[in-house]
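Undergrad: Sharing a structure with you now.
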Amino acid sequence: YDPEITKASNVMPVYAWFNGFSHFYRFKDPVSLDERGVQKMSWPDGGFVDSGGKHSKLYAFKLHSASQPMENATKQLLPVKNKIAFETGNVEEAIRQGAVAAGMSYASHSFVSTERYMGIFHTVGPKSTALSCSNQPCHGNESRIPFGKLGYERRGSNAQLCDVCHSLKSSPGFTSLHSKHSSRKSCTACHGAGYPLNASKSTLCSKCHSYKSESDPNKIHAKHVKDKKYDCKNCHTFSGDPKEEGHSEYYDN
């Protein structure tokens, strides 16, 4: 083993729920490896459904991964005298002296995988370089934001969703139902991640005509779904059959 630091540029961040509270590995505690065999050093608290009255938001993080020495008997992570490690290349001696300096017992060690989440709160690019739906898509790009792993999903049947606010009512059609609720409710209230576009807006529009700017999604739906009878799957991505995901009553409206 030789000490080594691997650096990279333009690394895509990882996204996690964060409510302002964090967890940390406490020095000299025995390791507690997760199901991957990884010891987390620091990680955000939060979730899609947060508890205790906390409010989580999605944040971008740098994910640092490493291999750190663990004392085989005590299962404690051991400190390393970096000066010795980088000057001599003798990592074992650097670990031994690190343990002595910290007042820790040491007989032998092995390496375990560790990781830490580091919030991206400085050296952030200007607003002009922020992600957008079209040029660096978030929605519809599972490799950037894994909505499923973050807890997004359709949150129940039509009856269950309607009962949150009122009893189930018959729908007059997709466009009127969507227009009424989208002006007052967030998309995630009913859809979680929703049904993301399967391509950028410019790509989808260019299939039939040149790209046109339209800020009101209800007008877009009214024109393409109700007037032109386009299939929802032409533009959106579904995890299954759209008719089985709550859209059967809209196909003929």
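Chain labels follow the order of the structure tokens: the first chain is A, the next B, and so on; residue numbering restarts at 1 in every chain, and ligands are counted from 1 in their shown order.
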Could you pull out the residues in stretch 33-150 of chain A that DSSP calls alpha helix (DSSP H) from the backbone, as a list in words?

TA: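 DSSP on the backbone gives alpha helix (DSSP H) at Asn82, Lys83, Ile84, Ala85, Phe86, Glu87, Thr88, Val91, Glu92, Glu93, Ala94, Ile95, Arg96, Gln97, Gly98, Ala99, Val100 and Ala101 of chain A.
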
Undergrad: Please dump the current selection as a PDB file, in the first residue's frame; keep N, CA and C atoms.

TA:
ATOM      1  N   ASN A  82       0.617  11.545   9.000  1.00  0.00           N
ATOM      2  CA  ASN A  82       0.774  11.768   7.565  1.00  0.00           C
ATOM      3  C   ASN A  82       2.188  12.172   7.174  1.00  0.00           C
ATOM      4  N   LYS A  83       2.872  12.912   8.011  1.00  0.00           N
ATOM      5  CA  LYS A  83       4.233  13.340   7.689  1.00  0.00           C
ATOM      6  C   LYS A  83       5.129  12.128   7.474  1.00  0.00           C
ATOM      7  N   ILE A  84       5.005  11.141   8.351  1.00  0.00           N
ATOM      8  CA  ILE A  84       5.813   9.928   8.208  1.00  0.00           C
ATOM      9  C   ILE A  84       5.405   9.165   6.955  1.00  0.00           C
ATOM     10  N   ALA A  85       4.089   9.067   6.730  1.00  0.00           N
ATOM     11  CA  ALA A  85       3.597   8.309   5.578  1.00  0.00           C
ATOM     12  C   ALA A  85       4.101   8.888   4.266  1.00  0.00           C
ATOM     13  N   PHE A  86       4.046  10.195   4.116  1.00  0.00           N
ATOM     14  CA  PHE A  86       4.415  10.800   2.835  1.00  0.00           C
ATOM     15  C   PHE A  86       5.920  11.023   2.697  1.00  0.00           C
ATOM     16  N   GLU A  87       6.639  11.150   3.806  1.00  0.00           N
ATOM     17  CA  GLU A  87       8.091  11.329   3.714  1.00  0.00           C
ATOM     18  C   GLU A  87       8.807  10.008   3.491  1.00  0.00           C
ATOM     19  N   THR A  88       8.327   8.941   4.124  1.00  0.00           N
ATOM     20  CA  THR A  88       9.038   7.662   4.067  1.00  0.00           C
ATOM     21  C   THR A  88       8.309   6.602   3.256  1.00  0.00           C
ATOM     22  N   VAL A  91       3.746   3.287   5.630  1.00  0.00           N
ATOM     23  CA  VAL A  91       2.413   3.546   6.166  1.00  0.00           C
ATOM     24  C   VAL A  91       2.196   2.821   7.492  1.00  0.00           C
ATOM     25  N   GLU A  92       2.721   1.604   7.615  1.00  0.00           N
ATOM     26  CA  GLU A  92       2.529   0.843   8.854  1.00  0.00           C
ATOM     27  C   GLU A  92       3.127   1.573  10.046  1.00  0.00           C
ATOM     28  N   GLU A  93       4.320   2.154   9.867  1.00  0.00           N
ATOM     29  CA  GLU A  93       4.942   2.910  10.952  1.00  0.00           C
ATOM     30  C   GLU A  93       4.143   4.179  11.246  1.00  0.00           C
ATOM     31  N   ALA A  94       3.598   4.796  10.198  1.00  0.00           N
ATOM     32  CA  ALA A  94       2.783   5.997  10.386  1.00  0.00           C
ATOM     33  C   ALA A  94       1.519   5.677  11.178  1.00  0.00           C
ATOM     34  N   ILE A  95       0.942   4.503  10.938  1.00  0.00           N
ATOM     35  CA  ILE A  95      -0.250   4.081  11.680  1.00  0.00           C
ATOM     36  C   ILE A  95       0.106   3.777  13.131  1.00  0.00           C
ATOM     37  N   ARG A  96       1.214   3.068  13.336  1.00  0.00           N
ATOM     38  CA  ARG A  96       1.624   2.707  14.696  1.00  0.00           C
ATOM     39  C   ARG A  96       1.876   3.954  15.531  1.00  0.00           C
ATOM     40  N   GLN A  97       2.585   4.912  14.970  1.00  0.00           N
ATOM     41  CA  GLN A  97       2.873   6.136  15.721  1.00  0.00           C
ATOM     42  C   GLN A  97       1.608   6.980  15.916  1.00  0.00           C
ATOM     43  N   GLY A  98       0.692   6.920  14.963  1.00  0.00           N
ATOM     44  CA  GLY A  98      -0.572   7.624  15.124  1.00  0.00           C
ATOM     45  C   GLY A  98      -1.373   7.066  16.283  1.00  0.00           C
ATOM     46  N   ALA A  99      -1.388   5.736  16.417  1.00  0.00           N
ATOM     47  CA  ALA A  99      -2.100   5.100  17.524  1.00  0.00           C
ATOM     48  C   ALA A  99      -1.472   5.466  18.867  1.00  0.00           C
ATOM     49  N   VAL A 100      -0.138   5.462  18.925  1.00  0.00           N
ATOM     50  CA  VAL A 100       0.561   5.812  20.161  1.00  0.00           C
ATOM     51  C   VAL A 100       0.243   7.255  20.560  1.00  0.00           C
ATOM     52  N   ALA A 101       0.272   8.150  19.590  1.00  0.00           N
ATOM     53  CA  ALA A 101       0.020   9.566  19.875  1.00  0.00           C
ATOM     54  C   ALA A 101      -1.399   9.793  20.384  1.00  0.00           C
TER      55      ALA A 101
END

Undergrad: Which residues, written as a ChimeraX atom specification, have at least one atom at most 12 Å from A:Lys28, with only C-alpha atoms counted and residues fewer than 4 positions away on the same chain left out?

TA: /A:32,70-71,74-79,99,102-105

Undergrad: Using only C-alpha atoms, pick whichever of A:Ala16, A:Val49, A:Leu33, A:Ala107 has the shortest atom-to-atom distance to A:Leu63.

TA: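 Nearest candidate to A:Leu63 out of A:Ala16, A:Val49, A:Leu33, A:Ala107: A:Ala16.
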
Undergrad: Considering only C-alpha atoms, state which residue in the set A:Gly151, A:Ala73, A:His178, A:Leu204 is at the smallest distance from A:Lys233.

TA: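 So, comparing all the options, the nearest one is A:Leu204.
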
Undergrad: Any idea what the distance is between atom CA of A:Gly46 and atom CA of A:Leu150?

TA: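 Straight-line distance from atom CA of A:Gly46 to atom CA of A:Leu150 works out to 10.7 Å.
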
Undergrad: For the atom pair atom CA of A:Ser22 and atom CA of A:Pro44, what is the interatomic distance in Å to one decimal place?

TA: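 Pair atom CA of A:Ser22 / atom CA of A:Pro44 returns 4.5 Å.
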
Undergrad: As a PyMOL selection string, please: the residues near A:Leu58 (cut-off 8 Å, only C-alpha atoms, same-chain neighbours under 3 positions excluded).

TA: chain A and resi 15-18
